[in-house]
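Peer 1: Next up, run_25.tsv (TSV, C-alpha atoms).
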chain	number	residue	atom	x	y	z
A	1	MET	CA	12.52	28.73	-7.97
A	2	SER	CA	12.94	26.87	-11.23
A	3	ASP	CA	11.66	28.24	-14.51
A	4	GLU	CA	9.22	25.36	-14.56
A	5	THR	CA	5.54	25.58	-13.63
A	6	PHE	CA	3.29	22.91	-12.14
A	7	ARG	CA	1.78	22.43	-15.59
A	8	ASP	CA	5.21	21.95	-17.20
A	9	ALA	CA	6.21	19.36	-14.61
A	10	ILE	CA	2.90	17.53	-14.88
A	11	ASP	CA	3.12	17.49	-18.67
A	12	ARG	CA	6.57	15.92	-18.46
A	13	ALA	CA	5.32	13.37	-15.94
A	14	LEU	CA	2.34	12.49	-18.11
A	15	ASP	CA	4.55	11.97	-21.18
A	16	ALA	CA	6.58	9.44	-19.20
A	17	TYR	CA	3.39	7.92	-17.77
A	18	VAL	CA	2.21	7.04	-21.29
A	19	VAL	CA	5.31	4.91	-21.85
A	20	LEU	CA	4.77	3.15	-18.52
A	21	GLU	CA	1.13	2.56	-19.43
A	22	GLU	CA	2.12	0.92	-22.71
A	23	LEU	CA	4.44	-1.41	-20.82
A	24	GLY	CA	1.71	-2.32	-18.34
A	25	GLU	CA	-0.73	-3.01	-21.17
A	26	GLN	CA	1.42	-5.95	-22.18
A	27	ILE	CA	-0.35	-7.90	-19.42
A	28	GLU	CA	-3.47	-8.66	-21.43
A	29	ASP	CA	-5.61	-9.68	-18.45
A	30	GLU	CA	-5.01	-6.28	-16.89
A	31	TRP	CA	-5.46	-4.15	-19.99
A	32	SER	CA	-8.71	-2.51	-18.95
A	33	TYR	CA	-7.55	-2.11	-15.35
A	34	VAL	CA	-4.46	-0.32	-16.64
A	35	ALA	CA	-6.67	1.95	-18.74
A	36	ASP	CA	-8.97	2.78	-15.81
A	37	LEU	CA	-6.08	3.27	-13.41
A	38	THR	CA	-4.24	5.67	-15.69
A	39	ASP	CA	-7.45	7.58	-16.38
A	40	ALA	CA	-8.02	8.01	-12.66
A	41	TRP	CA	-4.53	9.36	-12.04
A	42	ARG	CA	-4.62	11.62	-15.11
A	43	THR	CA	-7.79	13.11	-13.67
A	44	ARG	CA	-5.92	13.88	-10.45
A	45	PHE	CA	-3.00	15.42	-12.36
A	46	ASP	CA	-5.48	17.51	-14.35
A	47	GLU	CA	-7.06	18.77	-11.13
A	48	VAL	CA	-3.69	19.91	-9.82
A	49	ALA	CA	-2.76	21.51	-13.15
A	50	ALA	CA	-6.08	23.34	-13.27
A	51	HIS	CA	-5.64	24.61	-9.73
A	52	ARG	CA	-1.94	25.50	-9.66
A	53	GLY	CA	-0.79	25.10	-13.25
A	54	GLU	CA	0.86	28.50	-13.65
A	55	THR	CA	2.65	28.44	-10.30
A	56	GLU	CA	6.40	27.99	-10.50
A	57	ILE	CA	7.86	25.01	-8.71
A	58	SER	CA	11.13	24.86	-6.79
A	59	ASP	CA	14.38	23.52	-8.20
A	60	GLU	CA	14.08	20.65	-5.73
A	61	ALA	CA	10.62	19.72	-6.97
A	62	SER	CA	11.68	19.95	-10.61
A	63	ALA	CA	14.67	17.67	-9.96
A	64	ALA	CA	12.43	15.27	-8.04
A	65	VAL	CA	10.12	14.92	-11.03
A	66	ASP	CA	13.18	14.27	-13.21
A	67	HIS	CA	14.29	11.47	-10.89
A	68	ALA	CA	10.81	9.94	-10.78
A	69	ILE	CA	10.70	9.95	-14.58
A	70	ASP	CA	14.16	8.35	-14.71
A	71	GLU	CA	13.02	5.69	-12.26
A	72	ILE	CA	10.07	4.53	-14.34
A	73	ALA	CA	12.24	4.60	-17.48
A	74	ARG	CA	14.33	1.85	-15.86
A	75	ILE	CA	11.37	-0.51	-15.55
A	76	GLU	CA	11.27	-3.38	-18.01
A	77	ASP	CA	8.90	-5.81	-16.28
A	78	PRO	CA	5.24	-5.11	-17.19
A	79	HIS	CA	4.04	-6.36	-13.81
A	80	ARG	CA	6.25	-3.88	-12.05
A	81	ALA	CA	5.05	-1.25	-14.50
A	82	ILE	CA	1.47	-1.80	-13.31
A	83	ASP	CA	2.59	-1.33	-9.71
A	84	TRP	CA	4.29	1.92	-10.71
A	85	LEU	CA	1.22	3.17	-12.57
A	86	SER	CA	-0.10	3.68	-9.06
A	87	THR	CA	3.18	4.60	-7.35
A	88	PHE	CA	4.54	7.12	-9.86
A	89	PRO	CA	1.65	9.60	-9.60
A	90	GLN	CA	1.88	9.48	-5.81
A	91	VAL	CA	5.60	10.22	-5.91
A	92	VAL	CA	5.22	13.07	-8.38
A	93	LEU	CA	2.30	14.68	-6.56
A	94	LEU	CA	4.10	14.49	-3.22
A	95	SER	CA	7.22	16.00	-4.76
A	96	LEU	CA	5.07	18.92	-5.88
A	97	GLY	CA	3.68	19.28	-2.38
A	98	GLU	CA	0.27	17.92	-3.34
A	99	ARG	CA	-1.62	15.09	-1.70
A	100	PRO	CA	-2.11	12.07	-3.97
B	1	MET	CA	-17.87	-18.70	15.42
B	2	ARG	CA	-14.43	-19.70	16.62
B	3	PHE	CA	-10.84	-19.07	15.60
B	4	GLN	CA	-8.18	-21.65	14.95
B	5	ASP	CA	-4.49	-21.61	14.03
B	6	ALA	CA	-3.95	-22.41	10.36
B	7	ALA	CA	-2.37	-25.71	9.43
B	8	ARG	CA	1.37	-25.34	8.83
B	9	ASP	CA	2.02	-26.71	5.38
B	10	ALA	CA	5.42	-26.34	3.68
B	11	ARG	CA	4.54	-22.96	2.18
B	12	ALA	CA	3.34	-21.66	5.53
B	13	VAL	CA	6.54	-22.78	7.24
B	14	VAL	CA	8.68	-20.93	4.69
B	15	TYR	CA	6.50	-17.84	4.93
B	16	ALA	CA	6.59	-17.96	8.72
B	17	GLY	CA	10.35	-17.53	8.44
B	18	ILE	CA	9.81	-14.36	6.41
B	19	GLN	CA	7.23	-13.09	8.89
B	20	ALA	CA	9.63	-13.70	11.76
B	21	ASP	CA	12.46	-11.77	10.09
B	22	PRO	CA	13.41	-8.99	12.54
B	23	GLN	CA	13.75	-6.60	9.59
B	24	VAL	CA	10.01	-6.97	8.95
B	25	ALA	CA	9.06	-6.03	12.51
B	26	ARG	CA	11.50	-3.11	12.64
B	27	THR	CA	10.32	-1.69	9.33
B	28	ALA	CA	6.69	-2.07	10.35
B	29	ALA	CA	7.41	-0.24	13.60
B	30	LEU	CA	8.88	2.67	11.64
B	31	LEU	CA	5.92	2.75	9.26
B	32	ALA	CA	3.40	2.60	12.08
B	33	ASP	CA	4.38	6.14	13.07
B	34	ALA	CA	5.15	7.36	9.56
B	35	SER	CA	3.55	10.16	7.59
B	36	LEU	CA	1.79	9.52	4.29
B	37	GLY	CA	4.87	10.76	2.43
B	38	GLN	CA	7.14	8.40	4.34
B	39	ARG	CA	4.84	5.49	3.60
B	40	VAL	CA	4.84	6.35	-0.11
B	41	LEU	CA	8.65	6.50	0.08
B	42	ALA	CA	8.70	2.95	1.47
B	43	ARG	CA	6.32	1.74	-1.22
B	44	ALA	CA	8.35	3.35	-4.00
B	45	VAL	CA	11.76	2.15	-2.78
B	46	MET	CA	10.59	-1.41	-2.14
B	47	ASN	CA	9.05	-1.43	-5.64
B	48	GLY	CA	11.94	0.42	-7.18
B	49	GLU	CA	14.75	-0.32	-9.57
B	50	THR	CA	17.50	1.95	-8.29
B	51	THR	CA	19.19	1.28	-4.98
B	52	ASP	CA	21.05	4.59	-4.83
B	53	PRO	CA	19.85	6.41	-1.70
B	54	GLU	CA	20.81	9.81	-3.10
B	55	ILE	CA	18.37	9.39	-5.97
B	56	TRP	CA	15.56	8.53	-3.55
B	57	ARG	CA	16.40	11.49	-1.33
B	58	ALA	CA	16.21	13.78	-4.36
B	59	MET	CA	12.91	12.21	-5.43
B	60	PHE	CA	11.29	13.06	-2.08
B	61	PRO	CA	12.21	16.70	-1.38
B	62	THR	CA	9.45	17.10	1.19
B	63	LEU	CA	11.15	14.38	3.28
B	64	PHE	CA	14.83	15.08	2.61
B	65	GLY	CA	15.02	18.58	1.11
B	66	ALA	CA	16.00	21.88	2.65
B	67	SER	CA	12.75	22.32	4.58
B	68	ALA	CA	12.97	18.82	6.06
B	69	ALA	CA	15.96	19.85	8.17
B	70	ASP	CA	13.57	21.81	10.40
B	71	ASP	CA	12.22	18.60	11.91
B	72	ALA	CA	15.14	16.41	12.96
B	73	SER	CA	12.93	13.65	14.27
B	74	ALA	CA	10.95	13.35	11.03
B	75	LEU	CA	14.15	13.47	8.99
B	76	ALA	CA	15.68	10.69	11.08
B	77	ARG	CA	12.57	8.56	10.54
B	78	SER	CA	12.67	9.21	6.80
B	79	GLU	CA	16.32	8.15	6.70
B	80	ALA	CA	15.58	5.00	8.69
B	81	ILE	CA	12.64	4.11	6.42
B	82	LEU	CA	14.81	4.69	3.36
B	83	ALA	CA	17.57	2.45	4.72
B	84	MET	CA	15.13	-0.32	5.69
B	85	SER	CA	13.32	-0.11	2.36
B	86	LEU	CA	16.57	-0.31	0.42
B	87	ALA	CA	17.50	-3.40	2.41
B	88	VAL	CA	14.23	-5.00	1.26
B	89	ALA	CA	14.74	-3.85	-2.33
B	90	ASP	CA	18.23	-5.34	-2.31
B	91	ARG	CA	16.85	-8.86	-1.91
B	92	GLY	CA	15.83	-11.10	-4.80
B	93	GLU	CA	12.50	-10.45	-6.46
B	94	GLN	CA	10.69	-13.41	-4.87
B	95	VAL	CA	11.93	-12.68	-1.37
B	96	ARG	CA	11.24	-8.98	-1.86
B	97	SER	CA	7.65	-9.79	-2.72
B	98	GLN	CA	7.24	-12.03	0.32
B	99	VAL	CA	8.81	-9.47	2.63
B	100	ARG	CA	6.48	-6.73	1.34
B	101	GLY	CA	3.45	-8.92	2.02
B	102	ALA	CA	4.67	-9.84	5.48
B	103	LEU	CA	5.39	-6.19	6.16
B	104	VAL	CA	1.82	-5.08	5.47
B	105	GLU	CA	0.56	-7.82	7.76
B	106	GLU	CA	2.96	-6.86	10.54
B	107	LEU	CA	2.13	-3.18	10.17
B	108	THR	CA	-1.57	-4.01	10.38
B	109	ALA	CA	-1.00	-6.12	13.48
B	110	GLN	CA	1.08	-3.44	15.19
B	111	LEU	CA	-1.48	-0.71	14.52
B	112	LEU	CA	-4.36	-2.89	15.68
B	113	ALA	CA	-2.44	-3.79	18.85
B	114	ARG	CA	-2.39	-0.11	19.78
B	115	ARG	CA	-6.19	-0.16	19.84
B	116	VAL	CA	-7.00	-3.56	21.30
B	117	GLY	CA	-3.73	-4.62	22.96
B	118	PRO	CA	-1.26	-7.19	21.63
B	119	ALA	CA	-3.07	-10.13	23.22
B	120	GLY	CA	-6.15	-9.49	21.11
B	121	VAL	CA	-4.32	-9.58	17.77
B	122	HIS	CA	-3.55	-12.85	16.02
B	123	ARG	CA	-1.97	-13.94	12.74
B	124	GLU	CA	-2.74	-16.64	10.19
B	125	ARG	CA	-6.03	-17.74	11.74
B	126	ARG	CA	-8.95	-19.61	10.27
B	127	ILE	CA	-12.49	-18.75	11.27
B	128	LEU	CA	-14.83	-21.67	11.76
B	129	PHE	CA	-18.62	-21.57	11.67
B	130	ASP	CA	-21.09	-24.29	12.57
B	131	GLY	CA	-22.17	-26.25	9.52
B	132	VAL	CA	-19.94	-24.30	7.14
B	133	ARG	CA	-16.96	-25.78	5.38
B	134	ALA	CA	-13.87	-23.92	6.56
B	135	GLU	CA	-11.88	-21.77	4.16
B	136	ILE	CA	-8.51	-23.26	3.32
B	137	HIS	CA	-6.68	-19.95	3.43
B	138	PRO	CA	-6.34	-18.29	6.81
B	139	TYR	CA	-6.99	-14.61	7.47
B	140	ASP	CA	-3.79	-12.60	7.67
B	141	VAL	CA	-4.69	-10.78	10.88
B	142	THR	CA	-7.59	-11.16	13.29
B	143	VAL	CA	-8.78	-9.28	16.33
B	144	GLU	CA	-10.42	-11.76	18.64
B	145	ARG	CA	-12.71	-10.29	21.27
B	146	ASP	CA	-16.13	-11.32	22.52
B	147	GLY	CA	-18.70	-9.55	20.40
B	148	ALA	CA	-16.19	-7.34	18.61
B	149	SER	CA	-13.99	-9.51	16.48
B	150	GLU	CA	-12.43	-8.41	13.21
B	151	ALA	CA	-10.79	-10.15	10.26
B	152	TYR	CA	-8.25	-8.58	7.93
B	153	ASP	CA	-6.60	-9.54	4.71
B	154	CYS	CA	-3.54	-7.54	3.68
B	155	LYS	CA	-2.23	-6.62	0.24
B	156	TRP	CA	0.84	-4.77	-0.91
B	157	GLY	CA	-0.89	-3.13	-3.86
B	158	ALA	CA	-4.31	-2.41	-5.30
B	159	ARG	CA	-3.76	-5.07	-7.92
B	160	GLY	CA	-3.92	-7.66	-5.15
B	161	ILE	CA	-7.62	-6.95	-4.67
B	162	ASN	CA	-9.46	-9.82	-6.31
B	163	ALA	CA	-12.70	-11.79	-6.17
B	164	ASP	CA	-11.31	-14.54	-3.97
B	165	VAL	CA	-10.26	-12.28	-1.14
B	166	LEU	CA	-13.45	-10.21	-1.31
B	167	HIS	CA	-15.60	-13.35	-1.21
B	168	GLN	CA	-13.63	-14.77	1.68
B	169	LEU	CA	-14.03	-11.64	3.78
B	170	ASP	CA	-17.70	-11.18	2.98
B	171	ASP	CA	-18.46	-14.86	3.54
B	172	ALA	CA	-16.93	-14.63	7.01
B	173	ARG	CA	-19.00	-11.58	7.84
B	174	THR	CA	-22.18	-13.22	6.53
B	175	HIS	CA	-21.62	-16.51	8.37
B	176	ALA	CA	-20.91	-14.62	11.57
B	177	ALA	CA	-24.12	-12.66	11.14
B	178	ASP	CA	-25.97	-15.95	10.67
B	179	GLU	CA	-24.74	-16.84	14.16
B	180	ASP	CA	-25.75	-13.39	15.43
B	181	VAL	CA	-22.12	-12.51	16.00
B	182	PRO	CA	-20.77	-9.21	14.70
B	183	LEU	CA	-17.56	-9.54	12.69
B	184	GLY	CA	-15.87	-6.54	11.12
B	185	VAL	CA	-14.02	-7.36	7.93
B	186	ALA	CA	-11.49	-5.24	6.09
B	187	LEU	CA	-8.87	-5.27	3.43
B	188	VAL	CA	-5.65	-3.42	4.21
B	189	VAL	CA	-3.86	-2.26	1.06
B	190	PHE	CA	-0.48	-0.52	1.12
B	191	ASP	CA	-1.46	1.60	-1.86
B	192	ALA	CA	-3.35	4.78	-2.64
B	193	HIS	CA	-7.09	5.03	-2.07
B	194	ARG	CA	-7.55	6.18	-5.65
B	195	SER	CA	-5.93	3.04	-7.08
B	196	CYS	CA	-7.93	0.80	-4.75
B	197	GLU	CA	-11.17	2.48	-5.82
B	198	VAL	CA	-10.34	1.76	-9.46
B	199	ARG	CA	-9.61	-1.87	-8.68
B	200	LEU	CA	-12.73	-2.29	-6.56
B	201	ALA	CA	-14.96	-0.74	-9.22
B	202	ARG	CA	-14.08	-3.69	-11.45
B	203	GLN	CA	-15.06	-6.32	-8.88
B	204	THR	CA	-18.43	-8.02	-8.89
B	205	ALA	CA	-17.72	-9.92	-5.67
B	206	PRO	CA	-19.59	-8.47	-2.69
B	207	HIS	CA	-17.60	-5.79	-0.91
B	208	GLU	CA	-20.12	-3.18	0.21
B	209	ARG	CA	-19.65	-4.22	3.85
B	210	THR	CA	-15.91	-4.71	3.62
B	211	ALA	CA	-13.84	-1.75	4.72
B	212	VAL	CA	-10.81	-0.86	2.66
B	213	VAL	CA	-7.91	0.65	4.57
B	214	THR	CA	-5.35	2.36	2.34
B	215	LEU	CA	-2.10	4.28	2.74
B	216	GLU	CA	-4.10	7.37	3.62
B	217	SER	CA	-6.21	5.71	6.31
B	218	LEU	CA	-3.85	3.20	7.96
B	219	ASP	CA	-3.89	5.11	11.22
B	220	GLU	CA	-7.57	4.32	11.64
B	221	LEU	CA	-6.51	0.79	12.50
B	222	ALA	CA	-5.00	2.12	15.69
B	223	GLY	CA	-7.83	4.49	16.50
B	224	SER	CA	-11.57	4.17	16.39
B	225	ARG	CA	-13.30	1.31	14.64
B	226	THR	CA	-13.92	3.43	11.58
B	227	GLY	CA	-11.51	1.08	9.82
B	228	THR	CA	-14.02	-1.75	9.79
B	229	ARG	CA	-17.72	-2.18	9.22
B	230	SER	CA	-19.46	-4.98	11.00
Please lay out the structure from this file as C-alpha cells.
Peer 2:
Amino acid sequence: MSDETFRDAIDRALDAYVVLEELGEQIEDEWSYVADLTDAWRTRFDEVAAHRGETEISDEASAAVDHAIDEIARIEDPHRAIDWLSTFPQVVLLSLGERP
Amino acid sequence: MRFQDAARDARAVVYAGIQADPQVARTAALLADASLGQRVLARAVMNGETTDPEIWRAMFPTLFGASAADDASALARSEAILAMSLAVADRGEQVRSQVRGALVEELTAQLLARRVGPAGVHRERRILFDGVRAEIHPYDVTVERDGASEAYDCKWGARGINADVLHQLDDARTHAADEDVPLGVALVVFDAHRSCEVRLARQTAPHERTAVVTLESLDELAGSRTGTRS
C-alpha cells in the first residue's frame, strides 16, 4: 500500500481539476455548463472521500492518479479541456476502484 | 411514417468513407463486449494527449495492473482496445473527431443488431411523415420494424447534447404518435451518465420521452427495450 489515502488522492485530483476548469471556462458559451459539470463531479468525489477517505490506496492507484493529473496538465485546448472535465473524474474514480 | 436513405451530399460522401473504415468496425466490435472501465479507457485515450501506451496502462490499474493478470481474456481485450484507441488518437484532430463519431454510431448499430438482427438496423436514414416537412439531417441509426421502430442519434460526449438534436428526436416521436405509430427515440452518448444529466438539465427542448443511453447503460441497446421509450 502507498502512504496515501483516498482523501489525499482525491485532494490532489481536485487541485488539478481546478486548473482544467479554468481552461474550460475560456469557452464563454460553456461557462455555466463548465461550472455545473465540475460541481457535479466534485459532489461525486466528496461522496467517495466521505465514505472511504481514510482508507489507504495501493501504489498502483496512487501512480494512476499521478498519470491522470499529468495527462490533463498537457491539455492546452479549452474545448478538449471541457471533454476532460467529464473524462478525468471517471479515470480517477476507476483507478481508485470506484464507479464513476 | 416511412424511412428513406439520406441524400448523399459531399459531406455525407466523405463521412461515409470514415464510417466504412475497417478500424471503426473493429473498434466498435471490441467495445460492444467491453466493461465500463474498458469503455472509459477508450474514451480517455481517443480524447488524450499522450500516445505512450505505458502511461495509459499505468493510468488504468484495474485493467492492466497486477490483479488484471487473473483474467487473460479481459486483459487481452483491454490491450486490443488500447491499441485501437491509440491508432485513432494518432490521427489528425479533424479525422479523430470524425472517427469517434462514426465509432459511437457503429457501436450503437452493432449492439442493436444483437437485439433485432442486422437486417433491422439501418444507418443515415430520414423519417418521413405525411404532411410534415422532412428533417434535413438523417438519424444516425434506426431500427425499422412494423410497430416497433426506433430512432437514435449518437454523440461522443455530453457536450454534444443540444436543442437541435433533442427537438429532432422528439419531433419524430410526436409525428409518429400523430399517425398512431409507436416510435422509440433515444440519444446514445459515449460519456458518463452524470455528465449527460448536467447537460440535459440545461436544455429547454423537450426530452422527457427521449431515452439517454450512456457509457453505463450501453448494453441495454442489445437487451430489452429499456433503452428507449416510445
Peer 1: So that I can see what lies close to Arg99 of chain A, please list as a ChimeraX atom specification the residues with an atom at most 12 Å from it, counting all atoms listed in the file and leaving out residues fewer than 4 positions away in the same chain.
Peer 2: /A:44-45,47-48,89-95 /B:35-37,40,62,192-194,215-216
Peer 1: Find the residues of chain A in contact range of chain B, meaning any atom within 8 Å when counting all atoms listed in the file, and list them as a list of chain:residue names.
Peer 2: A:Tyr33, A:Asp36, A:Leu37, A:Ala40, A:Trp41, A:Glu60, A:Ala61, A:Ala63, A:Ala64, A:Val65, A:His67, A:Ala68, A:Glu71, A:Arg74, A:Ile75, A:Arg80, A:Asp83, A:Trp84, A:Ser86, A:Thr87, A:Phe88, A:Gln90, A:Val91, A:Leu94, A:Ser95, A:Gly97, A:Pro100
Peer 1: If you measure from atom CA of Leu218 of chain B to atom CA of Leu111 of chain B, what distance in Å do you get, rounded to one decimal?
Peer 2: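 Taking atom CA of Leu218 of chain B as the start and atom CA of Leu111 of chain B as the end point, the length is 8.0 Å.
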Peer 1: Identify which of the residues B:Ala119, B:Ala83, B:Ala7, B:Ala177 lies closest to Asp52 of chain B, counting only C-alpha atoms when measuring atom-to-atom distances.
Peer 2: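 Once distances to Asp52 of chain B are computed over only C-alpha atoms, the minimum belongs to B:Ala83.
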Peer 1: Rounded to one decimal, what separation in Å do you get between atom CA of Arg11 of chain B and atom CA of Asp170 of chain B?
Peer 2: 25.2 Å
Peer 1: Write out as a ChimeraX atom specification which residues come within 7 Å of Leu107 of chain B when counting only C-alpha atoms, dropping same-chain ones fewer than 3 positions away.
Peer 2: /B:28-29,32,103-104,110-111
Peer 1: What does the distance from atom CA of Asp77 of chain A to atom CA of Glu98 of chain A come to in Å, to one decimal?
Peer 2: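 Taking atom CA of Asp77 of chain A as the start and atom CA of Glu98 of chain A as the end point, the length is 28.4 Å.
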Peer 1: Please identify all polymer residues lying at most 10 Å from the point (14.5, 27.8, -15.7) (file coordinates), using all atoms listed in the file, and present the result as a VMD selection string.
Peer 2: chain A and resid 1 to 5 56 58 to 59 62
Peer 1: Measuring between all atoms listed in the file, which one of A:Ile10, A:Val19, A:Leu85, A:Val34 shows the shortest distance to Glu54 of chain A?
Peer 2: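 Using all atoms listed in the file, Glu54 of chain A sits closest to A:Ile10.
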Peer 1: Point out the residue among A:Asp46, A:Asp39, A:Asp29, A:Asp70 with the least atom-to-atom distance to Ala16 of chain A, counting only C-alpha atoms.
Peer 2: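 Distance minimum relative to Ala16 of chain A lands on A:Asp70.
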Peer 1: Between B:Gly131, B:Pro22, B:Gly117, B:Gly92, which one has atoms that come closest to His175 of chain B, using all atoms listed in the file?
Peer 2: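 Among the listed residues, the smallest separation from His175 of chain B belongs to B:Gly131.
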Peer 1: Given the choices B:Leu30, B:His137, B:Gly101, B:Met1, which gets closest to Ile18 of chain B if the distance is worked out from all atoms listed in the file?
Peer 2: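 Going through B:Leu30, B:His137, B:Gly101, B:Met1 one by one, the smallest distance to Ile18 of chain B is for B:Gly101.
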Peer 1: Skip Leu75 of chain B itself and residues of its chain fewer than 5 positions away, then list as number ranges by chain all residues within 9 Å of it, counting all atoms listed in the file.
Peer 2: B: 63-64, 68-70, 80
Peer 1: Can you work out which one of B:Ile127, B:Val185, B:Ala76, B:Val13 has the shortest atom-to-atom distance to Glu150 of chain B, counting all atoms listed in the file?
Peer 2: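 Going through B:Ile127, B:Val185, B:Ala76, B:Val13 one by one, the smallest distance to Glu150 of chain B is for B:Val185.
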Peer 1: Please rebuild segment 172-189 of chain B with N, CA and C atoms and return the result as a PDB file, in the coordinates of the input.
Peer 2:
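After the write, selection30.pdb holds the following:
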ATOM      1  N   ALA B 172     -17.148 -14.567   5.557  1.00  0.00           N
ATOM      2  CA  ALA B 172     -16.930 -14.630   7.010  1.00  0.00           C
ATOM      3  C   ALA B 172     -17.920 -13.722   7.731  1.00  0.00           C
ATOM      4  N   ARG B 173     -18.072 -12.517   7.210  1.00  0.00           N
ATOM      5  CA  ARG B 173     -19.000 -11.580   7.840  1.00  0.00           C
ATOM      6  C   ARG B 173     -20.425 -12.131   7.817  1.00  0.00           C
ATOM      7  N   THR B 174     -20.829 -12.710   6.686  1.00  0.00           N
ATOM      8  CA  THR B 174     -22.180 -13.220   6.530  1.00  0.00           C
ATOM      9  C   THR B 174     -22.423 -14.419   7.457  1.00  0.00           C
ATOM     10  N   HIS B 175     -21.463 -15.329   7.500  1.00  0.00           N
ATOM     11  CA  HIS B 175     -21.620 -16.510   8.370  1.00  0.00           C
ATOM     12  C   HIS B 175     -21.669 -16.088   9.835  1.00  0.00           C
ATOM     13  N   ALA B 176     -20.870 -15.106  10.193  1.00  0.00           N
ATOM     14  CA  ALA B 176     -20.910 -14.620  11.570  1.00  0.00           C
ATOM     15  C   ALA B 176     -22.277 -14.020  11.886  1.00  0.00           C
ATOM     16  N   ALA B 177     -22.799 -13.258  10.936  1.00  0.00           N
ATOM     17  CA  ALA B 177     -24.120 -12.660  11.140  1.00  0.00           C
ATOM     18  C   ALA B 177     -25.189 -13.741  11.286  1.00  0.00           C
ATOM     19  N   ASP B 178     -25.029 -14.835  10.551  1.00  0.00           N
ATOM     20  CA  ASP B 178     -25.970 -15.950  10.670  1.00  0.00           C
ATOM     21  C   ASP B 178     -25.975 -16.515  12.092  1.00  0.00           C
ATOM     22  N   GLU B 179     -24.834 -16.368  12.768  1.00  0.00           N
ATOM     23  CA  GLU B 179     -24.740 -16.840  14.160  1.00  0.00           C
ATOM     24  C   GLU B 179     -24.992 -15.691  15.144  1.00  0.00           C
ATOM     25  N   ASP B 180     -25.487 -14.581  14.608  1.00  0.00           N
ATOM     26  CA  ASP B 180     -25.750 -13.390  15.430  1.00  0.00           C
ATOM     27  C   ASP B 180     -24.498 -12.879  16.142  1.00  0.00           C
ATOM     28  N   VAL B 181     -23.387 -13.014  15.456  1.00  0.00           N
ATOM     29  CA  VAL B 181     -22.120 -12.510  16.000  1.00  0.00           C
ATOM     30  C   VAL B 181     -21.608 -11.429  15.063  1.00  0.00           C
ATOM     31  N   PRO B 182     -21.342 -10.246  15.577  1.00  0.00           N
ATOM     32  CA  PRO B 182     -20.770  -9.210  14.700  1.00  0.00           C
ATOM     33  C   PRO B 182     -19.313  -9.516  14.364  1.00  0.00           C
ATOM     34  N   LEU B 183     -18.947  -9.355  13.120  1.00  0.00           N
ATOM     35  CA  LEU B 183     -17.560  -9.540  12.690  1.00  0.00           C
ATOM     36  C   LEU B 183     -17.226  -8.446  11.686  1.00  0.00           C
ATOM     37  N   GLY B 184     -16.332  -7.569  12.057  1.00  0.00           N
ATOM     38  CA  GLY B 184     -15.870  -6.540  11.120  1.00  0.00           C
ATOM     39  C   GLY B 184     -14.855  -7.144  10.165  1.00  0.00           C
ATOM     40  N   VAL B 185     -14.991  -6.821   8.899  1.00  0.00           N
ATOM     41  CA  VAL B 185     -14.020  -7.360   7.930  1.00  0.00           C
ATOM     42  C   VAL B 185     -13.437  -6.204   7.122  1.00  0.00           C
ATOM     43  N   ALA B 186     -12.166  -6.330   6.812  1.00  0.00           N
ATOM     44  CA  ALA B 186     -11.490  -5.240   6.090  1.00  0.00           C
ATOM     45  C   ALA B 186     -10.306  -5.764   5.297  1.00  0.00           C
ATOM     46  N   LEU B 187     -10.026  -5.014   4.271  1.00  0.00           N
ATOM     47  CA  LEU B 187      -8.870  -5.270   3.430  1.00  0.00           C
ATOM     48  C   LEU B 187      -7.896  -4.120   3.669  1.00  0.00           C
ATOM     49  N   VAL B 188      -6.676  -4.444   4.019  1.00  0.00           N
ATOM     50  CA  VAL B 188      -5.650  -3.420   4.210  1.00  0.00           C
ATOM     51  C   VAL B 188      -4.739  -3.446   2.983  1.00  0.00           C
ATOM     52  N   VAL B 189      -4.640  -2.316   2.299  1.00  0.00           N
ATOM     53  CA  VAL B 189      -3.860  -2.260   1.060  1.00  0.00           C
ATOM     54  C   VAL B 189      -2.828  -1.138   1.179  1.00  0.00           C
TER      55      VAL B 189
END
